[in-house]
$ cat my_file_3.cif   # mmCIF, C-alpha atoms
data_model
loop_
_atom_site.label_atom_id
_atom_site.label_comp_id
_atom_site.auth_asym_id
_atom_site.auth_seq_id
_atom_site.Cartn_x
_atom_site.Cartn_y
_atom_site.Cartn_z
CA MET N 1 130.41 154.13 127.32
CA ASP N 2 131.52 152.91 130.72
CA SER N 3 134.46 150.58 131.17
CA GLU N 4 132.35 147.50 131.76
CA ALA N 5 130.38 147.98 128.56
CA GLU N 6 133.58 148.69 126.68
CA HIS N 7 135.07 145.51 128.04
CA GLU N 8 132.03 143.59 126.79
CA TYR N 9 132.38 145.26 123.40
CA THR N 10 136.02 144.23 123.20
CA ALA N 11 135.08 140.64 124.06
CA PHE N 12 132.36 140.66 121.40
CA VAL N 13 134.75 141.93 118.73
CA THR N 14 137.33 139.31 119.66
CA HIS N 15 134.81 136.50 119.34
CA HIS N 16 132.58 137.62 116.48
CA ALA N 17 134.60 139.84 114.16
CA SER N 18 135.95 136.88 112.24
CA ALA N 19 132.48 135.46 111.58
CA MET N 20 131.29 138.87 110.44
CA TRP N 21 134.24 139.18 108.10
CA ARG N 22 133.60 135.70 106.62
CA THR N 23 130.04 136.66 105.74
CA ALA N 24 131.22 139.94 104.26
CA TYR N 25 133.89 138.15 102.27
CA LEU N 26 131.41 135.78 100.68
CA LEU N 27 129.15 138.69 99.82
CA CYS N 28 131.79 140.81 98.11
CA GLY N 29 134.55 138.37 97.20
CA ASP N 30 137.29 140.79 98.13
CA ARG N 31 139.35 140.52 101.29
CA ARG N 32 140.03 144.25 101.66
CA ARG N 33 136.45 145.26 101.04
CA ALA N 34 135.26 142.66 103.51
CA GLU N 35 137.66 144.09 106.11
CA ASP N 36 136.44 147.62 105.46
CA ALA N 37 132.81 146.56 105.73
CA THR N 38 133.47 144.62 108.93
CA GLN N 39 135.30 147.54 110.48
CA GLU N 40 132.51 149.93 109.54
CA ALA N 41 129.97 147.55 111.02
CA LEU N 42 131.97 147.22 114.25
CA LEU N 43 132.19 151.00 114.57
CA ARG N 44 128.44 151.34 114.06
CA LEU N 45 128.06 148.68 116.71
CA TYR N 46 130.27 150.66 119.10
CA ARG N 47 128.10 153.74 118.71
CA ARG N 48 124.96 151.80 119.60
CA TRP N 49 126.58 149.44 122.06
CA PRO N 50 125.15 150.83 125.33
CA LYS N 51 121.58 150.49 124.02
CA LEU N 52 122.18 147.10 122.45
CA TYR N 53 123.92 145.88 125.56
CA ARG N 54 120.81 146.70 127.60
CA LYS N 55 118.25 145.42 125.11
CA GLY N 56 120.07 142.39 123.68
CA GLY N 57 120.06 141.15 120.08
CA ILE N 58 123.68 142.16 119.54
CA VAL N 59 124.62 139.31 117.21
CA ALA N 60 121.57 139.80 115.00
CA TYR N 61 122.21 143.52 114.80
CA ALA N 62 125.89 142.95 114.02
CA ARG N 63 125.01 140.59 111.18
CA LYS N 64 122.48 143.03 109.80
CA VAL N 65 124.97 145.87 109.89
CA VAL N 66 127.79 143.95 108.27
CA VAL N 67 125.54 142.78 105.43
CA SER N 68 124.25 146.29 104.93
CA ALA N 69 127.76 147.78 105.01
CA THR N 70 129.03 145.22 102.51
CA LEU N 71 126.17 145.66 100.08
CA ASP N 72 126.37 149.45 100.42
CA GLY N 73 130.07 149.21 99.64
CA LEU N 74 129.32 147.21 96.52
CA ARG N 75 126.68 149.68 95.35
CA ARG N 76 129.08 152.57 95.73
CA ARG N 77 131.36 150.92 93.18
CA SER N 78 130.77 151.12 89.50
CA SER N 79 127.55 149.40 88.60
CA SER N 80 129.23 147.74 85.65
CA GLU N 81 131.91 146.14 87.76
CA LEU N 82 131.59 142.43 88.31
CA VAL N 83 131.76 141.61 91.99
CA GLY N 84 135.34 140.82 92.85
CA GLY N 85 136.38 141.37 89.25
CA ASP N 86 139.06 139.17 87.80
CA THR N 87 140.63 138.63 91.20
CA TYR N 88 137.51 137.27 92.81
CA PHE N 89 138.73 134.69 95.32
CA THR N 90 141.78 133.88 93.23
CA ALA N 91 144.35 136.22 94.65
CA GLU N 92 145.29 134.05 97.58
CA ALA N 93 145.15 130.63 95.90
CA ASP N 94 147.44 128.34 97.78
CA PRO N 95 149.98 126.85 95.33
CA THR N 96 150.56 123.90 97.60
CA ASP N 97 146.87 123.11 97.75
CA HIS N 98 145.50 120.14 95.89
CA VAL N 99 144.54 121.27 92.39
CA GLY N 100 141.02 119.91 92.75
CA ARG N 101 140.31 121.87 95.92
CA ALA N 102 141.57 125.11 94.43
CA GLU N 103 139.45 124.57 91.37
CA ARG N 104 136.34 123.86 93.44
CA ARG N 105 136.80 127.11 95.33
CA LEU N 106 137.20 128.98 92.12
CA LEU N 107 134.12 127.46 90.56
CA ILE N 108 131.71 128.06 93.42
CA THR N 109 132.93 131.57 93.99
CA GLN N 110 132.69 132.43 90.33
CA ALA N 111 129.15 131.13 90.34
CA LEU N 112 128.32 133.20 93.45
CA ALA N 113 129.82 136.30 91.92
CA GLU N 114 127.47 136.08 88.97
CA LEU N 115 124.36 136.12 91.15
CA PRO N 116 122.55 139.40 91.77
CA GLU N 117 123.54 140.76 95.17
CA ARG N 118 120.19 140.06 96.85
CA GLN N 119 120.23 136.43 95.66
CA ARG N 120 123.85 136.06 96.69
CA ALA N 121 123.02 137.46 100.13
CA CYS N 122 120.15 134.98 100.48
CA VAL N 123 122.41 132.04 99.62
CA VAL N 124 125.19 133.15 101.94
CA LEU N 125 122.89 133.90 104.87
CA ARG N 126 120.76 130.80 104.44
CA TYR N 127 123.41 128.19 103.64
CA PHE N 128 126.62 129.61 105.05
CA ASP N 129 125.35 131.39 108.17
CA ASP N 130 122.54 128.84 108.60
CA LEU N 131 119.87 131.48 109.17
CA SER N 132 116.19 130.67 108.87
CA VAL N 133 114.01 132.33 106.23
CA ASP N 134 112.63 134.76 108.81
CA GLU N 135 116.06 135.63 110.18
CA THR N 136 117.35 136.20 106.65
CA ALA N 137 114.37 138.41 105.87
CA ASP N 138 115.08 140.41 109.00
CA VAL N 139 118.73 140.92 108.05
CA LEU N 140 117.89 141.95 104.50
CA GLY N 141 114.90 144.05 105.49
CA CYS N 142 112.47 142.24 103.20
CA ARG N 143 109.59 139.79 103.51
CA PRO N 144 110.13 136.07 104.08
CA GLY N 145 108.40 135.37 100.77
CA THR N 146 111.02 137.44 98.99
CA VAL N 147 113.79 135.48 100.66
CA LYS N 148 112.21 132.21 99.56
CA SER N 149 111.81 133.27 95.96
CA GLN N 150 115.25 134.85 95.75
CA THR N 151 116.85 131.76 97.25
CA MET N 152 115.03 129.47 94.84
CA ARG N 153 116.15 131.53 91.88
CA ALA N 154 119.70 131.60 93.16
CA LEU N 155 119.80 127.82 93.62
CA ASP N 156 118.36 127.28 90.16
CA LYS N 157 121.06 129.46 88.68
CA LEU N 158 123.76 127.69 90.64
CA ARG N 159 122.51 124.29 89.51
CA LEU N 160 122.53 125.41 85.90
CA HIS N 161 125.79 127.29 86.13
CA PRO N 162 128.18 125.90 83.52
CA ALA N 163 131.04 125.89 86.00
CA LEU N 164 129.07 123.67 88.38
CA ALA N 165 127.15 121.62 85.83
CA ASP N 166 130.04 119.29 85.18
CA PHE N 167 131.13 119.28 88.76
CA ASP N 168 130.83 116.09 90.73
CA LEU N 169 129.04 117.41 93.77
CA ALA N 170 129.11 114.06 95.44
CA GLU N 171 132.80 114.35 96.12
CA LEU N 172 132.41 117.56 98.10
CA GLY N 173 132.56 117.79 101.84
CA GLY N 174 135.66 115.72 102.33
CA MET X 1 122.98 120.44 97.13
CA THR X 2 122.73 122.89 100.02
CA ASN X 3 125.17 121.00 102.23
CA GLN X 4 127.58 120.89 99.35
CA LEU X 5 127.07 124.58 98.84
CA LYS X 6 127.92 125.25 102.46
CA ASP X 7 131.03 123.11 102.18
CA LEU X 8 132.13 124.95 99.07
CA MET X 9 131.63 128.34 100.65
CA THR X 10 133.34 127.32 103.87
CA GLU X 11 136.24 125.93 101.93
CA ALA X 12 136.56 129.17 99.98
CA VAL X 13 136.55 131.30 103.13
CA ASP X 14 138.88 128.98 105.04
CA ALA X 15 141.45 129.35 102.29
CA GLN X 16 141.85 132.96 103.37
CA ALA X 17 144.07 134.03 106.23
CA PRO X 18 141.83 134.64 109.25
CA TYR X 19 140.76 138.19 109.90
CA VAL X 20 142.09 139.60 113.16
CA PRO X 21 140.64 143.01 114.03
CA ASP X 22 142.71 145.68 115.72
CA VAL X 23 140.46 146.05 118.74
CA GLU X 24 142.36 148.94 120.30
CA THR X 25 142.14 151.02 117.13
CA LEU X 26 138.48 150.17 116.80
CA VAL X 27 137.69 151.31 120.33
CA ARG X 28 139.77 154.47 119.93
CA THR X 29 138.04 155.35 116.65
CA GLY X 30 134.64 154.51 118.13
CA ARG X 31 135.26 156.87 121.08
CA LYS X 32 136.26 159.65 118.71
CA GLN X 33 133.17 159.16 116.57
CA VAL X 34 130.87 159.16 119.60
CA ARG X 35 132.46 162.38 120.90
CA ARG X 36 132.15 164.02 117.49
CA ARG X 37 128.52 162.98 117.15
CA ARG X 38 127.67 164.24 120.60
CA ALA X 39 129.27 167.60 119.83
CA ALA X 40 127.40 167.84 116.53
CA THR X 41 124.13 166.93 118.23
CA ALA X 42 124.69 169.53 120.94
CA ILE X 43 125.40 172.22 118.33
CA ALA X 44 122.36 171.24 116.28
CA THR X 45 120.14 171.22 119.37
CA ALA X 46 121.40 174.63 120.47
CA ALA X 47 120.77 176.03 116.99
CA ALA X 48 117.25 174.56 116.92
CA VAL X 49 116.48 175.97 120.37
CA ALA X 50 117.72 179.38 119.28
CA VAL X 51 115.53 179.33 116.17
CA ILE X 52 112.46 178.20 118.12
CA ALA X 53 113.10 180.77 120.84
CA GLY X 54 113.40 183.50 118.22
CA ALA X 55 110.20 182.45 116.48
CA THR X 56 108.36 182.22 119.80
CA THR X 57 109.56 185.69 120.79
CA ILE X 58 108.20 187.12 117.56
CA ALA X 59 104.87 185.33 117.93
CA VAL X 60 104.43 186.11 121.61
CA GLY X 61 105.49 189.69 121.06
CA THR X 62 102.28 190.31 119.15
CA ILE X 63 100.10 189.53 122.15
CA ASP X 64 99.61 192.09 124.84
CA ARG X 65 100.34 190.58 128.22
CA SER X 66 100.74 193.84 130.02
CA GLY X 67 97.34 193.81 131.67
CA LYS X 68 96.65 197.34 130.48
CA LEU X 69 93.15 198.04 129.44
CA PRO X 70 92.79 198.18 125.70
CA VAL X 71 91.86 201.41 124.11
CA ALA X 72 88.70 200.95 122.17
CA PRO X 73 87.84 203.57 119.60
CA ALA X 74 84.57 205.41 119.56
CA VAL X 75 82.96 204.39 116.33
CA THR X 76 79.93 205.01 114.26
CA PRO X 77 78.58 202.67 111.63
CA THR X 78 79.23 204.92 108.70
CA THR X 79 82.29 207.02 109.39
CA ARG X 80 85.90 206.20 109.69
CA VAL X 81 87.16 207.05 113.11
CA THR X 82 90.62 207.82 114.27
CA ALA X 83 91.39 206.01 117.45
CA PRO X 84 93.00 207.71 120.37
CA GLU X 85 96.72 207.34 120.54
CA LEU X 86 97.68 204.07 122.13
CA SER X 87 100.26 203.78 124.79
CA ALA X 88 101.79 200.54 123.68
CA PRO X 89 105.54 200.41 124.05
CA PRO X 90 107.64 200.45 120.91
CA GLY X 91 107.79 196.93 119.55
CA GLY X 92 105.02 195.81 121.85
CA SER X 93 101.45 195.20 120.89
CA THR X 94 97.96 196.13 121.79
CA GLY X 95 94.56 194.74 121.10
CA LEU X 96 91.49 196.41 119.69
CA CYS X 97 88.13 194.78 120.31
CA THR X 98 84.63 195.66 119.31
CA THR X 99 81.37 193.81 119.38
CA ALA X 100 79.60 193.00 116.14
CA ASP X 101 77.79 196.34 116.18
CA GLY X 102 81.02 198.25 116.56
CA SER X 103 80.75 199.06 120.22
CA PRO X 104 84.09 199.23 121.98
CA SER X 105 84.73 196.43 124.39
CA ASP X 106 87.22 195.43 127.01
CA GLY X 107 87.08 191.90 125.63
CA TRP X 108 90.84 191.93 125.12
CA LEU X 109 91.11 190.83 128.72
CA TRP X 110 88.70 187.93 128.35
CA PRO X 111 90.67 184.73 128.65
CA LYS X 112 88.69 182.54 126.25
CA VAL X 113 89.70 182.76 122.58
CA VAL X 114 87.14 181.11 120.31
CA LEU X 115 89.39 181.11 117.26
CA TYR X 116 92.19 183.11 115.79
CA THR X 117 94.36 183.50 112.75
CA GLN X 118 97.75 185.12 112.60
CA ASP X 119 100.57 186.28 110.40
CA THR X 120 103.90 187.91 111.09
CA PHE X 121 102.21 191.23 111.85
CA GLY X 122 99.73 190.07 114.44
CA MET X 123 96.54 188.18 115.12
CA SER X 124 92.82 188.50 114.48
CA MET X 125 90.60 186.65 116.92
CA VAL X 126 87.18 186.18 118.38
CA ARG X 127 87.07 186.29 122.19
CA ARG X 128 84.28 184.81 124.21
CA SER X 129 82.36 186.83 126.71
CA PRO X 130 82.53 185.49 130.25
CA GLU X 131 78.77 186.11 130.33
CA GLY X 132 78.19 183.32 127.83
CA SER X 133 78.32 182.66 124.15
CA THR X 134 76.14 184.89 122.04
CA PRO X 135 77.07 186.56 118.80
CA ASP X 136 76.11 189.87 120.31
CA ALA X 137 78.31 189.49 123.33
CA ASP X 138 81.48 188.00 121.84
CA VAL X 139 84.03 190.42 120.50
CA PHE X 140 86.28 190.69 117.46
CA CYS X 141 89.82 191.69 118.25
CA THR X 142 93.00 192.47 116.37
CA THR X 143 96.48 192.89 117.70
CA GLU X 144 98.72 195.53 116.27
CA TRP X 145 102.29 196.42 116.84
CA GLY X 146 102.67 199.32 119.20
CA ASN X 147 104.55 201.26 116.61
CA GLY X 148 101.71 201.07 114.15
CA ALA X 149 98.72 201.47 116.42
CA LYS X 150 98.74 205.22 116.73
CA HIS X 151 96.16 205.78 114.03
CA SER X 152 94.17 202.61 114.04
CA VAL X 153 91.04 202.70 112.04
CA VAL X 154 88.21 200.52 113.20
CA PRO X 155 85.23 200.75 110.92
CA GLY X 156 82.13 200.65 112.96
CA GLY X 157 79.97 197.67 113.35
CA ALA X 158 78.94 194.80 111.29
CA LYS X 159 77.53 195.54 107.89
CA ASN X 160 75.87 192.83 105.90
CA GLY X 161 77.19 190.34 108.36
CA ILE X 162 80.85 191.30 108.09
CA VAL X 163 83.08 193.01 110.56
CA LEU X 164 85.88 194.42 108.44
CA ARG X 165 88.95 195.97 109.98
CA LYS X 166 92.08 197.48 108.62
CA GLY X 167 95.30 197.60 110.57
CA ALA X 168 98.90 198.53 110.09
CA ALA X 169 101.37 196.01 108.77
CA GLU X 170 104.44 196.90 110.71
CA GLY X 171 107.40 194.95 111.87
CA ARG X 172 109.83 192.67 110.15
CA GLY X 173 109.03 192.03 106.50
CA ALA X 174 106.46 194.78 106.16
CA GLN X 175 106.27 196.24 102.65
CA PRO X 176 105.68 199.98 102.14
CA GLY X 177 102.08 200.70 101.26
CA SER X 178 100.71 197.50 102.69
CA SER X 179 98.21 196.93 105.48
CA VAL X 180 96.36 194.06 107.13
CA THR X 181 92.70 193.41 106.44
CA SER X 182 90.79 191.37 109.01
CA VAL X 183 87.38 189.96 108.20
CA PHE X 184 85.14 188.49 110.90
CA GLY X 185 81.63 187.22 110.97
CA THR X 186 79.21 184.58 112.09
CA VAL X 187 78.20 181.33 110.43
CA PRO X 188 75.06 179.34 111.13
CA ARG X 189 75.36 176.86 113.94
CA GLY X 190 75.37 173.18 113.13
CA THR X 191 77.38 171.92 110.21
CA PRO X 192 79.67 174.84 109.38
CA PRO X 193 80.11 175.95 105.78
CA HIS X 194 83.39 176.29 103.93
CA VAL X 195 84.07 180.02 104.08
CA THR X 196 86.13 181.94 101.54
CA VAL X 197 86.92 185.62 101.52
CA GLU X 198 87.70 187.63 98.42
CA THR X 199 89.64 190.75 99.28
CA ALA X 200 89.97 193.92 97.23
CA ASP X 201 93.10 192.70 95.50
CA GLY X 202 91.06 189.84 93.99
CA TYR X 203 92.68 187.16 96.13
CA VAL X 204 90.36 184.48 97.46
CA GLY X 205 91.46 182.89 100.72
CA VAL X 206 89.95 180.35 103.08
CA ALA X 207 88.75 181.61 106.45
CA LYS X 208 89.05 179.72 109.69
CA VAL X 209 85.68 178.58 110.99
CA LYS X 210 84.82 177.45 114.50
CA ASP X 211 81.95 177.58 116.97
CA GLY X 212 79.70 179.79 114.85
CA TYR X 213 82.36 182.29 113.74
CA PHE X 214 84.78 182.78 110.91
CA VAL X 215 87.91 184.88 110.86
CA TYR X 216 90.23 185.79 108.01
CA ARG X 217 93.29 187.92 107.74
CA ARG X 218 95.31 189.09 104.75
CA VAL X 219 98.11 191.53 104.05
CA GLU X 220 97.00 193.69 101.14
CA HIS X 221 98.61 196.36 99.05
CA SER X 222 96.56 199.17 100.55
CA PRO X 223 98.31 202.14 102.13
CA TRP X 224 97.98 202.62 105.85
CA PRO X 225 96.14 204.62 107.02
CA GLY X 226 93.63 204.80 104.19
CA PRO X 227 90.18 203.69 103.13
CA VAL X 228 89.07 200.27 104.23
CA PRO X 229 89.09 197.89 101.27
CA HIS X 230 86.05 195.81 100.44
CA ALA X 231 85.61 192.08 100.92
CA ILE X 232 83.20 189.42 99.74
CA VAL X 233 82.40 186.43 101.95
CA ARG X 234 81.15 183.23 100.35
CA PHE X 235 79.72 180.16 102.04
CA LYS X 236 79.79 176.69 100.56
CA TYR X 237 77.95 173.76 102.05
CA ALA X 238 78.73 170.20 101.01
CA GLY X 239 76.75 169.20 97.94
CA LYS X 240 75.44 172.72 97.34
CA ALA X 241 76.59 175.62 95.24
CA GLU X 242 78.72 178.36 96.72
CA TYR X 243 76.92 181.62 97.41
CA ILE X 244 77.77 185.10 98.58
CA ALA X 245 76.90 185.30 102.25
CA ALA X 246 77.94 188.89 102.74
CA SER X 247 79.91 191.64 101.09
CA ARG X 248 81.16 194.99 102.09
#

$ encode --input "my_file_3.cif" --output "structure tokens"
Amino acid sequence: MDSEAEHEYTAFVTHHASAMWRTAYLLCGDRRRAEDATQEALLRLYRRWPKLYRKGGIVAYARKVVVSATLDGLRRRSSSELVGGDTYFTAEADPTDHVGRAERRLLITQALAELPERQRACVVLRYFDDLSVDETADVLGCRPGTVKSQTMRALDKLRLHPALADFDLAELGG
Amino acid sequence: MTNQLKDLMTEAVDAQAPYVPDVETLVRTGRKQVRRRRAATAIATAAAVAVIAGATTIAVGTIDRSGKLPVAPAVTPTTRVTAPELSAPPGGSTGLCTTADGSPSDGWLWPKVVLYTQDTFGMSMVRRSPEGSTPDADVFCTTEWGNGAKHSVVPGGAKNGIVLRKGAAEGRGAQPGSSVTSVFGTVPRGTPPHVTVETADGYVGVAKVKDGYFVYRRVEHSPWPGPVPHAIVRFKYAGKAEYIAASR
């Protein structure tokens, strides 16, 4: 890779690595695993950078790779392990935070953790990364119809999740 | 619901300390990986080229490109004839061609090959006469390793529609007491039949068929030199029963 392309790669990492990590974190619920997946994705990106740099579509490819690396990482773990386990999103709870905010985080993340990985990926990509159905299908390597059905099932489960059933959703967003 | 979902997820992620990648380490590791992959690719490519080159050498080695005239044996339809000693170099190859009636031919030099079949010991082929395509003019040829061509036996002529030839199986992988049986013949023009050949060992194989000819080749347990084993040729047309077209 020549120095100009490498400079562009460095700029991309500086600006996009955090967003990639955030997506990975929501998919796996573990900070260290999200970092590993992001790093693996960035290295894959480095290897293909000259071609991607010429052809474009770097951000889409990066998102696809980070999702794939995260889900692969999850599959390599024991199949009986609950995503994130007992420490899912709780390890870094801020003791000074308002109790209600900490609880909300806990509840939504527990609910996410109980979704099958494909449904969780659909929710994260559609409603956190704001991707369209087609873009989500491209990232996950499936048909748009599958994304729609998986998302619907995921939302149904979230609505019926006991942790969220009693939650006053109207107070969110503040 | 979906906006609230986004808020919840954003809130959960924002609670984490931001991720700051070590760009220098990433670039250094990326360079190393690229170098390693390039080296692995180069090694794999070199190995593949070596294998292909080796295979090509073996295959090409069975074809005589020396420009020497082939030595065609004098044959009669009913007797086995010992061919004159061939002057092929050790490890090289030579070609023996006869017409359908067993007459020797210099067809080995004709450039047009109608069809051929091959194994590790050589090739059996039909070569087209420059004069034009007629079953009487085209020739049936076999290549043989120079080392094994000293006592070639070419049974004379076509009998019951089959040109049957026995040759030495020499070279890498040759088993003691084995030889190569080549079976040639003609098929009716038009829609070609499915042609099978049953050799003396009871094995039934499928012959190659093209442009009015069939050719078949099999390594048999039959000592070389020795009597020419028999063969049965069967034709099968679509929708019709298989029948014996020729036997010898």

$ residues_near_point --input "my_file_3.cif" --point "(74.9, 174.7, 112.2)" --cutoff "12 Å" --atoms "all atoms listed in the file" --output "list in words"
Thr186, Val187, Pro188, Arg189, Gly190, Thr191, Pro192, Pro193, His194, Val209, Lys210, Asp211, Gly212, Tyr213 and Tyr237 of chain X

$ closest_atom_pairs --input "my_file_3.cif" --of "chain X" --to "chain N" --cutoff "8 Å" --atoms "all atoms listed in the file" --output "CSV"
residue,atom,partner,partner_atom,distance
X:Met1,CA,N:Leu169,CA,7.6
X:Thr2,CA,N:Tyr127,CA,6.5
X:Asn3,CA,N:Tyr127,CA,7.5
X:Gln4,CA,N:Leu172,CA,6.0
X:Leu5,CA,N:Tyr127,CA,7.0
X:Lys6,CA,N:Phe128,CA,5.2
X:Asp7,CA,N:Gly173,CA,5.5
X:Leu8,CA,N:Arg105,CA,6.4
X:Met9,CA,N:Phe128,CA,6.8
X:Thr10,CA,N:Phe128,CA,7.2
X:Glu11,CA,N:Arg105,CA,6.7
X:Ala12,CA,N:Arg105,CA,5.1
X:Val13,CA,N:Arg22,CA,6.3
X:Ala15,CA,N:Ala93,CA,7.5
X:Gln16,CA,N:Glu92,CA,6.8
X:Pro18,CA,N:Ser18,CA,7.0
X:Tyr19,CA,N:Ser18,CA,5.5
X:Val20,CA,N:Ser18,CA,6.8
X:Pro21,CA,N:Ala17,CA,6.8
X:Val23,CA,N:Thr10,CA,6.6
X:Leu26,CA,N:Leu43,CA,6.7
X:Val27,CA,N:Tyr46,CA,7.5
X:Thr29,CA,N:Leu43,CA,7.6
X:Gly30,CA,N:Leu43,CA,5.6
X:Gln33,CA,N:Arg47,CA,7.7
X:Val34,CA,N:Arg47,CA,6.2

$ atom_distance --input "my_file_3.cif" --atom1 "CA of Asp36 (chain N)" --atom2 "CA of Cys142 (chain N)"
24.7 Å

$ axis_aligned_box --input "my_file_3.cif" --around "region 29-48 of chain N" --padding-each-side "3 Å" --output "AutoDock Vina command-line options"
--center_x 132.5 --center_y 146.1 --center_z 108.4 --size_x 21.1 --size_y 21.4 --size_z 28.4

$ residues_around --input "my_file_3.cif" --residues "Leu125 (chain N)" --least-positions-apart "4" --cutoff "9 Å" --atoms "only C-alpha atoms" --output "ChimeraX atom specification"
/N:23,120-121,129-132,135-136,139

$ residues_around --input "my_file_3.cif" --residues "Ser68 (chain N)" --least-positions-apart "3" --cutoff "10 Å" --atoms "all atoms listed in the file" --output "ChimeraX atom specification"
/N:24,37,41,62-65,71-74,139-141

$ atom_distance --input "my_file_3.cif" --atom1 "CA of Trp224 (chain X)" --atom2 "CA of Ala169 (chain X)"
8.0 Å

$ residues_around --input "my_file_3.cif" --residues "Met152 (chain N)" --least-positions-apart "4" --cutoff "10 Å" --atoms "only C-alpha atoms" --output "count of residues only"
9

$ atom_distance --input "my_file_3.cif" --atom1 "CA of Lys208 (chain X)" --atom2 "CA of Pro229 (chain X)"
20.0 Å

$ closest_residue --input "my_file_3.cif" --among "N:Arg143, N:Asp2, N:Ala60, N:Ala154" --to "Pro116 (chain N)" --atoms "all atoms listed in the file"
N:Ala154

$ residues_around --input "my_file_3.cif" --residues "Cys141 (chain X)" --least-positions-apart "3" --cutoff "6 Å" --atoms "all atoms listed in the file" --output "list in words"
Leu96, Cys97, Ser124 and Met125 of chain X
